[in-house]
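Worksheet for the structure shown next.
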Amino acid sequence: MLRIRLLFCFAALLLVYHHCSSQPLKPKFKVIALYEHGGHHAGYSKVGKVWLNKLASDSGFTIDYIQNTDNIDSAFLSKYNLFIQLDYVPYGWKPKAAAAFQDYITRGKGGWIGFHHATLLGEFDGFPMWQWFSGFMGGITYENYIPGFAAGLVNVEDKIHPVMQGVPASFLIKKEEWYSYDKSPRPNVQVLASVDEKTYSPESDVKMGDHPVIWTNPNVKARNVYIFMGHSPLLFNDATYCKIVTNAIFWAVKK
């Protein structure tokens with residue numbers, strides 16, 4: 001009789017285990033990534049998607065991708081905890097998408113991470129500059145870039161910020177086109193890191209002096225990080241760069 005009872009208990013435990021293990025785990029959070037579908041940043045986005053998908057799989061969150069702003073509205077954004085602007089320009093958005101995104105950021109409905117092309121602020125392709133987005137990025141306007149690319153040494157300024165945890169005090173970015181702006185965003189944002197223009201290799205006349213490259217805007221409710229570096233797909237072979245992006249994702253998604 002005792003043996004039968006033990007076998008029954010063992011079978012019941014197996015059933016419970018099978019039921020629990022077969023239930024899909026709820027994702028920790030959901031991410032939407034807006035990326036460019038063509039142009040000379042397509043290589044970065046292609047490799048970035050592979051890297052992000054692996055991070056999502058390993059870390060228990062989900063990520064969806066869109067290539068334009070057509071479907072963005074408040075209902076669409078309400079499904080996501082984090083918006084990643086993966087090398088996508090800040091102009092030409094559908095009006096409802098721009099309004100929903102602005103509400104999402106100003107009211108802190110989710111976090112945001114932007115890369116590289118997100119500060120191409122000005123009049124491009126027949127579109128006016130998105131003034132709100134310029135203010136979000138510290139009141140800057142795009143001015144110039146290094147078309148032939150250059151290496152540059154990036155110095156961490158805010159060593160205690162969660163995005164900079166585990167990041168060396170200085171690190172080399174081997175290939176970037178380094179935008180310059182009409183002015184530094186520093187007075188209006190919290191600078192996390194800046195590039196030392198004296199270290200450009202090869203040297204370049206495209207300089208702006210004080211040159212932040214990673215920052216966050218504490219004047220909106222959403223946790224947000226802008227990371228300028230984001231042209232070359234080789235960045236995802238750089239452990240320091242990947243560490244910064246990983247830190248940014250897990251910090252920005254928190255409320």
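Convention: chains lettered A, B, ... in structure tokens order; per-chain residue numbering from 1; ligands numbered from 1 as shown.
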
How would you write, as a short mmCIF file (atom, residue, chain, number, x, y, z; two decimals) with C-alpha atoms, in the first residue's frame, the set of residues in stretch 4-252 of chain A that DSSP gives as helix (DSSP H, G or I)?
```cif
data_model
loop_
_atom_site.label_atom_id
_atom_site.label_comp_id
_atom_site.auth_asym_id
_atom_site.auth_seq_id
_atom_site.Cartn_x
_atom_site.Cartn_y
_atom_site.Cartn_z
CA ILE A 4 1.34 2.50 -4.30
CA ARG A 5 0.93 5.77 -2.42
CA LEU A 6 4.52 6.77 -3.17
CA LEU A 7 4.06 5.98 -6.85
CA PHE A 8 0.85 8.04 -6.88
CA CYS A 9 2.60 11.01 -5.23
CA PHE A 10 5.50 10.76 -7.68
CA ALA A 11 3.10 10.71 -10.64
CA ALA A 12 1.26 13.76 -9.26
CA LEU A 13 4.53 15.65 -8.87
CA LEU A 14 5.46 14.82 -12.46
CA LEU A 15 2.11 16.17 -13.66
CA VAL A 16 2.58 19.40 -11.70
CA TYR A 17 6.12 19.79 -13.03
CA HIS A 18 5.01 19.19 -16.61
CA HIS A 19 2.17 21.71 -16.26
CA CYS A 20 4.45 24.40 -14.80
CA SER A 21 7.31 23.83 -17.23
CA SER A 22 4.99 23.90 -20.25
CA ALA A 42 21.13 49.48 -42.93
CA GLY A 43 24.21 47.42 -42.04
CA TYR A 44 24.21 48.73 -38.47
CA SER A 45 20.52 48.01 -38.06
CA LYS A 46 20.84 44.51 -39.53
CA VAL A 47 23.59 43.47 -37.11
CA GLY A 48 21.94 45.37 -34.28
CA LYS A 49 18.75 43.39 -34.69
CA VAL A 50 20.64 40.09 -34.41
CA TRP A 51 22.40 41.31 -31.27
CA LEU A 52 19.19 42.66 -29.72
CA ASN A 53 17.31 39.46 -30.46
CA LYS A 54 19.93 37.42 -28.65
CA LEU A 55 19.91 39.79 -25.68
CA ALA A 56 16.12 39.58 -25.53
CA SER A 57 16.17 35.78 -25.69
CA ASP A 58 18.89 35.48 -23.05
CA SER A 59 17.32 38.08 -20.73
CA SER A 74 -1.05 55.93 -28.23
CA ALA A 75 -2.72 52.51 -28.33
CA PHE A 76 0.24 51.02 -30.18
CA LEU A 77 2.81 52.47 -27.77
CA PRO A 95 1.54 63.48 -37.20
CA LYS A 96 -0.31 60.98 -35.00
CA ALA A 97 2.96 59.11 -34.38
CA ALA A 98 4.80 62.29 -33.41
CA ALA A 99 2.01 63.31 -31.01
CA ALA A 100 1.82 59.85 -29.44
CA PHE A 101 5.59 59.63 -29.05
CA GLN A 102 5.79 63.06 -27.43
CA ASP A 103 3.07 62.06 -24.96
CA TYR A 104 4.84 58.74 -24.29
CA ILE A 105 8.07 60.57 -23.40
CA THR A 106 6.77 63.61 -21.55
CA HIS A 116 23.17 58.08 -34.00
CA HIS A 117 20.71 59.27 -36.66
CA ALA A 118 18.21 60.33 -33.96
CA THR A 119 20.01 63.70 -33.75
CA GLN A 131 11.19 71.47 -32.70
CA TRP A 132 10.00 69.38 -29.77
CA PHE A 133 12.49 66.63 -30.58
CA SER A 134 15.29 69.19 -30.82
CA GLY A 135 14.38 70.35 -27.31
CA PHE A 136 14.26 66.75 -26.13
CA PRO A 162 23.73 53.10 -14.12
CA VAL A 163 24.31 53.32 -17.89
CA MET A 164 28.03 53.72 -17.24
CA ARG A 186 25.22 70.17 -22.07
CA PRO A 187 23.24 73.05 -20.49
CA ASN A 188 19.97 71.18 -21.06
CA PRO A 233 27.94 47.36 -37.55
CA LEU A 234 31.40 46.61 -36.12
CA LEU A 235 30.27 48.36 -32.93
CA PHE A 236 28.48 45.18 -31.91
CA ASN A 237 31.86 43.43 -31.75
CA ALA A 239 32.34 44.67 -25.59
CA THR A 240 32.31 48.18 -24.11
CA TYR A 241 29.72 49.43 -26.58
CA CYS A 242 27.54 46.38 -25.97
CA LYS A 243 27.82 46.91 -22.22
CA ILE A 244 26.61 50.50 -22.56
CA VAL A 245 23.66 49.48 -24.72
CA THR A 246 22.73 46.65 -22.34
CA ASN A 247 22.93 48.96 -19.33
CA ALA A 248 20.82 51.55 -21.14
CA ILE A 249 18.08 49.05 -21.94
CA PHE A 250 17.69 47.76 -18.40
CA TRP A 251 17.89 51.26 -16.89
CA ALA A 252 15.53 53.00 -19.32
#
```

ask   = What's the 12 Å shell around A:Asp125, counting only C-alpha atoms, without same-chain residues fewer than 5 positions away, as a PyMOL selection string?
value = chain A and resi 89-92+120

ask   = Closest to A:Pro218 among A:Val189, A:Thr69, A:Gly166, A:Leu172, using only C-alpha atoms?
value =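 Of A:Val189, A:Thr69, A:Gly166, A:Leu172, the one nearest A:Pro218 is A:Val189, counting only C-alpha atoms.
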
task = Mind listing the strand (DSSP E) residues of stretch 42-238 of chain A, per DSSP on the backbone, as an NGL selection string?
result = :A and (62-66 or 82-86 or 111-115 or 142-144 or 150-156 or 170-176 or 180-181 or 190-201 or 212-216 or 224-227)

Give me a file of those residues, with C-alpha atoms, as a short mmCIF file (atom, residue, chain, number, x, y, z; two decimals), in the first residue's frame.
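File written: part-v6.cif
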```
data_model
loop_
_atom_site.label_atom_id
_atom_site.label_comp_id
_atom_site.auth_asym_id
_atom_site.auth_seq_id
_atom_site.Cartn_x
_atom_site.Cartn_y
_atom_site.Cartn_z
CA THR A 62 10.51 40.52 -26.14
CA ILE A 63 11.30 42.90 -28.98
CA ASP A 64 9.30 43.84 -32.06
CA TYR A 65 10.49 45.88 -35.06
CA ILE A 66 8.93 48.46 -37.34
CA LEU A 82 10.67 50.74 -24.08
CA PHE A 83 11.01 52.52 -27.41
CA ILE A 84 14.34 52.09 -29.23
CA GLN A 85 15.05 54.49 -32.07
CA LEU A 86 17.59 52.30 -33.79
CA GLY A 111 11.56 54.52 -21.71
CA TRP A 112 13.52 55.56 -24.78
CA ILE A 113 16.96 54.88 -26.25
CA GLY A 114 18.07 56.65 -29.42
CA PHE A 115 21.14 56.05 -31.55
CA TYR A 142 22.73 69.12 -36.66
CA GLU A 143 25.56 71.01 -38.35
CA ASN A 144 28.19 68.71 -39.88
CA ALA A 150 37.63 58.78 -37.69
CA ALA A 151 38.59 56.98 -34.52
CA GLY A 152 37.99 58.90 -31.32
CA LEU A 153 38.53 58.47 -27.58
CA VAL A 154 35.34 58.68 -25.51
CA ASN A 155 35.64 59.77 -21.88
CA VAL A 156 33.04 58.80 -19.30
CA SER A 170 37.90 55.97 -21.45
CA PHE A 171 37.37 53.79 -24.49
CA LEU A 172 38.21 54.00 -28.17
CA ILE A 173 35.60 54.03 -30.91
CA LYS A 174 37.50 52.89 -33.98
CA LYS A 175 35.17 54.08 -36.75
CA GLU A 176 32.56 56.79 -36.55
CA SER A 180 28.76 68.17 -34.79
CA TYR A 181 25.91 70.43 -33.71
CA GLN A 190 22.87 65.28 -18.18
CA VAL A 191 26.04 64.32 -20.03
CA LEU A 192 27.29 60.78 -19.42
CA ALA A 193 30.21 60.73 -21.86
CA SER A 194 31.94 62.94 -24.43
CA VAL A 195 34.44 62.47 -27.23
CA ASP A 196 37.86 64.12 -27.10
CA GLU A 197 38.13 65.76 -30.51
CA LYS A 198 41.91 66.06 -30.12
CA THR A 199 42.12 62.27 -30.43
CA TYR A 200 40.44 62.05 -33.83
CA SER A 201 42.46 59.80 -36.13
CA PRO A 212 28.89 65.13 -25.59
CA VAL A 213 28.08 61.79 -27.22
CA ILE A 214 26.00 60.01 -24.55
CA TRP A 215 23.43 61.87 -22.50
CA THR A 216 20.03 61.74 -20.85
CA ASN A 224 15.90 58.19 -21.78
CA VAL A 225 19.41 57.76 -23.19
CA TYR A 226 20.90 59.06 -26.41
CA ILE A 227 23.98 57.19 -27.68
#
```

request  = Measure the distance from atom CA of A:Pro27 to atom CA of A:Gly110 in Å and round it to one decimal.
outcome  =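 About the pair atom CA of A:Pro27 and atom CA of A:Gly110: they are 15.7 Å apart.
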
task = Grab the atom CA of A:Lys254 to atom CA of A:Trp93 distance for me, in Å with one decimal place.
result = 26.1 Å

query = In Å, how far is it from atom CA of A:Gln165 to atom CA of A:Asp238?
reply = 15.9 Å
